[in-house]
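A.B. asks: mmCIF, C-alpha atoms, saved as upload.cif, coming up:
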data_entry
loop_
_atom_site.group_PDB
_atom_site.id
_atom_site.type_symbol
_atom_site.label_atom_id
_atom_site.label_comp_id
_atom_site.auth_asym_id
_atom_site.auth_seq_id
_atom_site.Cartn_x
_atom_site.Cartn_y
_atom_site.Cartn_z
ATOM 1 C CA MET A 1 17.630 18.644 -36.513
ATOM 2 C CA GLY A 2 14.353 16.897 -37.204
ATOM 3 C CA GLN A 3 12.797 16.929 -40.613
ATOM 4 C CA THR A 4 9.326 18.056 -41.502
ATOM 5 C CA PRO A 5 6.968 15.513 -43.094
ATOM 6 C CA THR A 6 7.442 17.254 -46.438
ATOM 7 C CA GLN A 7 11.225 16.914 -46.217
ATOM 8 C CA LYS A 8 10.897 13.256 -45.306
ATOM 9 C CA ALA A 9 8.587 12.656 -48.265
ATOM 10 C CA ALA A 10 11.026 14.420 -50.612
ATOM 11 C CA LYS A 11 13.894 12.296 -49.289
ATOM 12 C CA ALA A 12 11.885 9.111 -49.881
ATOM 13 C CA ALA A 13 10.942 10.262 -53.387
ATOM 14 C CA ARG A 14 14.596 10.728 -54.278
ATOM 15 C CA GLY A 15 15.088 7.030 -53.665
ATOM 16 C CA GLN A 16 17.243 7.259 -50.605
ATOM 17 C CA GLN A 17 17.167 4.331 -48.228
ATOM 18 C CA ILE A 18 15.248 4.811 -44.986
ATOM 19 C CA GLY A 19 14.737 2.425 -42.114
ATOM 20 C CA LYS A 20 11.512 0.745 -41.022
ATOM 21 C CA ALA A 21 10.962 3.162 -38.100
ATOM 22 C CA GLN A 22 11.490 6.146 -40.394
ATOM 23 C CA ARG A 23 9.110 4.670 -42.970
ATOM 24 C CA GLU A 24 6.377 4.207 -40.342
ATOM 25 C CA ALA A 25 6.886 7.744 -39.049
ATOM 26 C CA LEU A 26 6.698 9.055 -42.609
ATOM 27 C CA GLN A 27 3.432 7.206 -43.260
ATOM 28 C CA LYS A 28 1.927 8.569 -40.027
ATOM 29 C CA ALA A 29 2.999 12.092 -40.940
ATOM 30 C CA GLN A 30 1.543 11.775 -44.436
ATOM 31 C CA THR A 31 -1.815 10.463 -43.176
ATOM 32 C CA ALA A 32 -1.952 13.263 -40.595
ATOM 33 C CA ALA A 33 -1.226 15.816 -43.318
ATOM 34 C CA LYS A 34 -3.986 14.319 -45.493
ATOM 35 C CA LYS A 35 -6.512 14.461 -42.628
ATOM 36 C CA LYS A 36 -5.554 18.071 -41.916
ATOM 37 C CA ALA A 37 -6.002 19.012 -45.571
ATOM 38 C CA ALA A 38 -9.393 17.249 -45.688
ATOM 39 C CA ALA A 39 -10.518 19.108 -42.555
ATOM 40 C CA LYS A 40 -9.475 22.419 -44.134
ATOM 41 C CA LYS A 41 -11.496 21.573 -47.243
ATOM 42 C CA LYS A 42 -14.582 20.879 -45.141
ATOM 43 C CA GLY A 43 -14.067 24.138 -43.262
ATOM 44 C CA LEU A 44 -13.470 22.566 -39.880
ATOM 45 C CA ALA A 45 -11.345 24.570 -37.506
ATOM 46 C CA LYS A 46 -8.124 23.148 -36.153
ATOM 47 C CA LYS A 47 -8.801 21.363 -32.881
ATOM 48 C CA THR A 48 -6.728 22.476 -29.959
ATOM 49 C CA ALA A 49 -4.968 20.033 -27.711
ATOM 50 C CA ALA A 50 -7.237 18.146 -25.340
ATOM 51 C CA LYS A 51 -7.895 20.076 -22.149
ATOM 52 C CA LYS A 52 -6.361 18.465 -19.108
ATOM 53 C CA VAL A 53 -9.135 17.328 -16.797
ATOM 54 C CA VAL A 54 -8.492 18.689 -13.324
ATOM 55 C CA PRO A 55 -10.910 17.771 -10.526
ATOM 56 C CA LEU A 56 -12.651 20.726 -8.930
ATOM 57 C CA PRO A 57 -12.290 21.406 -5.220
ATOM 58 C CA ARG A 58 -15.047 19.977 -3.036
ATOM 59 C CA GLY A 59 -18.120 22.218 -2.987
ATOM 60 C CA SER A 60 -17.175 23.945 -6.238
ATOM 61 C CA ARG A 61 -18.627 23.815 -9.724
ATOM 62 C CA ARG A 62 -18.297 25.437 -13.130
ATOM 63 C CA ASP A 63 -20.826 28.190 -13.556
ATOM 64 C CA ALA A 64 -23.473 27.835 -16.252
ATOM 65 C CA TYR A 65 -24.189 31.578 -16.390
ATOM 66 C CA PRO A 66 -22.109 34.711 -15.841
ATOM 67 C CA GLY A 67 -22.689 36.525 -12.557
ATOM 68 C CA THR A 68 -21.253 38.701 -9.822
ATOM 69 C CA CYS A 69 -19.438 37.528 -6.698
ATOM 70 C CA PRO A 70 -21.362 38.748 -3.615
ATOM 71 C CA ALA A 71 -18.162 39.007 -1.544
ATOM 72 C CA CYS A 72 -15.942 41.149 -3.816
ATOM 73 C CA PHE A 73 -18.588 42.421 -6.310
ATOM 74 C CA LYS A 74 -16.453 41.415 -9.295
ATOM 75 C CA ASP A 75 -17.948 39.646 -12.301
ATOM 76 C CA TYR A 76 -17.220 36.056 -13.264
ATOM 77 C CA GLY A 77 -17.853 34.534 -16.675
ATOM 78 C CA LYS A 78 -19.613 31.439 -17.852
ATOM 79 C CA GLY A 79 -17.584 28.269 -17.198
ATOM 80 C CA GLU A 80 -15.458 29.724 -14.390
ATOM 81 C CA VAL A 81 -15.026 27.762 -11.169
ATOM 82 C CA ILE A 82 -17.254 29.111 -8.383
ATOM 83 C CA THR A 83 -17.933 28.001 -4.814
ATOM 84 C CA LYS A 84 -20.346 28.767 -1.977
ATOM 85 C CA VAL A 85 -19.584 32.070 -0.244
ATOM 86 C CA THR A 86 -21.509 33.831 2.514
ATOM 87 C CA ASP A 87 -24.407 35.184 0.428
ATOM 88 C CA GLY A 88 -24.472 32.795 -2.555
ATOM 89 C CA TRP A 89 -21.945 31.658 -5.137
ATOM 90 C CA GLY A 90 -18.681 33.439 -5.935
ATOM 91 C CA HIS A 91 -14.929 33.184 -6.430
ATOM 92 C CA PRO A 92 -13.166 30.380 -4.505
ATOM 93 C CA GLY A 93 -10.706 32.943 -3.088
ATOM 94 C CA CYS A 94 -13.570 34.947 -1.578
ATOM 95 C CA ALA A 95 -14.970 31.998 0.386
ATOM 96 C CA PRO A 96 -14.125 31.727 4.083
ATOM 97 C CA ARG A 97 -11.438 29.149 4.786
ATOM 98 C CA GLN A 98 -12.597 25.964 6.516
ATOM 99 C CA MET A 99 -10.704 25.190 9.725
ATOM 100 C CA SER A 100 -9.467 21.700 10.505
ATOM 101 C CA ALA A 101 -10.636 19.870 13.632
ATOM 102 C CA ALA A 102 -7.370 20.678 15.431
ATOM 103 C CA GLU A 103 -7.691 24.385 14.581
ATOM 104 C CA ARG A 104 -11.292 24.438 15.848
ATOM 105 C CA GLU A 105 -10.294 22.795 19.136
ATOM 106 C CA PHE A 106 -7.393 25.230 19.558
ATOM 107 C CA ALA A 107 -9.705 28.213 18.993
ATOM 108 C CA ARG A 108 -12.248 26.809 21.478
ATOM 109 C CA ASN A 109 -9.556 26.297 24.157
ATOM 110 C CA LYS A 110 -8.092 29.750 23.518
ATOM 111 C CA ALA A 111 -11.507 31.352 23.978
ATOM 112 C CA ARG A 112 -12.005 29.485 27.279
ATOM 113 C CA ILE A 113 -8.604 30.639 28.550
ATOM 114 C CA GLU A 114 -9.179 34.260 27.488
ATOM 115 C CA SER A 115 -12.595 34.333 29.191
ATOM 116 C CA GLY A 116 -10.971 33.178 32.459
ATOM 117 C CA GLU A 117 -12.979 29.972 32.597
ATOM 118 C CA THR A 118 -9.948 27.707 33.056
ATOM 119 C CA PHE A 119 -7.887 29.796 35.500
ATOM 120 C CA ARG A 120 -8.126 28.177 38.931
ATOM 121 C CA ALA A 121 -6.916 31.319 40.700
ATOM 122 C CA GLN A 122 -9.930 33.242 39.433
ATOM 123 C CA LYS A 123 -12.492 30.744 40.740
ATOM 124 C CA PRO A 124 -13.863 31.359 44.200
ATOM 125 C CA SER A 125 -12.426 28.958 46.761
ATOM 126 C CA ASP A 126 -14.763 26.802 48.806
ATOM 127 C CA TRP A 127 -12.077 25.766 51.323
ATOM 128 C CA ARG A 128 -12.370 26.895 54.941
ATOM 129 C CA LEU A 129 -9.206 28.247 56.442
ATOM 130 C CA GLY A 130 -7.551 25.520 58.537
ATOM 131 C CA SER A 131 -9.887 22.747 57.345
ATOM 132 C CA SER A 132 -9.537 19.846 54.990
ATOM 133 C CA PRO A 133 -11.355 19.725 51.664
ATOM 134 C CA SER A 134 -13.929 17.320 53.106
ATOM 135 C CA ASN A 135 -15.095 19.949 55.635
ATOM 136 C CA THR A 136 -16.034 22.490 52.974
ATOM 137 C CA ARG A 137 -19.255 24.416 52.875
ATOM 138 C CA PRO A 138 -20.957 25.404 49.644
ATOM 139 C CA ALA A 139 -19.727 28.635 48.097
ATOM 140 C CA ARG A 140 -22.123 31.573 48.325
#
As a first step, turn the structure in this file into structure tokens.
C.D. replies:
Amino acid sequence: MGQTPTQKAAKAARGQQIGKAQREALQKAQTAAKKKAAAKKKGLAKKTAAKKVVPLPRGSRRDAYPGTCPACFKDYGKGEVITKVTDGWGHPGCAPRQMSAAEREFARNKARIESGETFRAQKPSDWRLGSSPSNTRPAR
């Protein structure tokens, strides 16, 4: 098991031989302990680990003021990630999902098919019975 900085210092004080790497680690631990004690004396709170910086999704931001999401009517606090929703700013999960170009084209084609626009059988024919396509008259 690893030793605490205090145990390492006690081992060194007893005169036991330690290697160069252990000596450097001991010195680092002692200086860290001294800095921590000095910060306690000054009344500074212990700093937490640095927050991992994660990029926000496009069109989102951290809110400067608390508010209410217009889509779900739930509150959000200061500093939470918000994004544009239908009637203002709200939770990212409440925002409508953006479709890709392929999804938009598929939806457009589906609407044309469902409306009957692309079915040839449903269009009126301008062919005359027994004639070629060149002898057609305009459809009425």
A.B. asks: Please put the answer as AutoDock Vina command-line options: centre and edge lengths, in Å with one decimal, of a box along x, y and z that encloses all listed atoms of range 85-91 of chain A plus 6 Å on each side.
C.D. replies:
--center_x -19.7 --center_y 33.4 --center_z -2.0 --size_x 21.5 --size_y 15.5 --size_z 20.9
A.B. asks: I'd like the residues picked by the PyMOL selection byres ((chain A and resi 58-65) around 6) written out as a PyMOL selection string, using the chain letters and numbers from the file.
C.D. replies: chain A and resi 57+66+78-83
A.B. asks: Could you please determine the separation between CA of Glu103 in chain A and CA of Pro55 in chain A in Å, to one decimal place?
C.D. replies: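 Those two atoms sit 26.2 Å apart.
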A.B. asks: CA of Glu117 in chain A to CA of Gln98 in chain A: how many Å, to one decimal?
C.D. replies: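 Rounded to one decimal, the two atoms are 26.4 Å apart.
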A.B. asks: Using CA of Lys74 in chain A and CA of Gly90 in chain A as the two end points, give the distance in Å to one decimal.
C.D. replies: 8.9 Å
A.B. asks: Have a look at A:Lys84, A:Lys110, A:Lys8, A:Lys40 and name the one nearest to Ala25 in chain A; count only C-alpha atoms.
C.D. replies: A:Lys8
A.B. asks: When the PyMOL selection byres ((chain A and resi 85) around 9) is applied to the structure above, which residues does it catch, written out as an NGL selection string?
C.D. replies: :A and (69-71 or 82-84 or 86-92 or 94-96)
A.B. asks: Under the rule that all atoms listed in the file are counted, which of A:Ala107, A:Val54, A:Leu26, A:Met99 is the nearest residue to Thr4 in chain A?
C.D. replies: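 The closest residue to Thr4 in chain A is A:Leu26.
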A.B. asks: Need the shell around Ala33 in chain A: protein/DNA/RNA residues with any atom at most 9 Å away, counting all atoms listed in the file. Skip same-chain ones fewer than 5 positions apart. Format as a short mmCIF file (atom, residue, chain, number, x, y, z; two decimals) with C-alpha atoms, keeping the file's coordinate frame?
C.D. replies:
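So the final result, stored in result_27.cif, reads:
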data_model
loop_
_atom_site.label_atom_id
_atom_site.label_comp_id
_atom_site.auth_asym_id
_atom_site.auth_seq_id
_atom_site.Cartn_x
_atom_site.Cartn_y
_atom_site.Cartn_z
CA PRO A 5 6.97 15.51 -43.09
CA LYS A 28 1.93 8.57 -40.03
CA ALA A 38 -9.39 17.25 -45.69
#
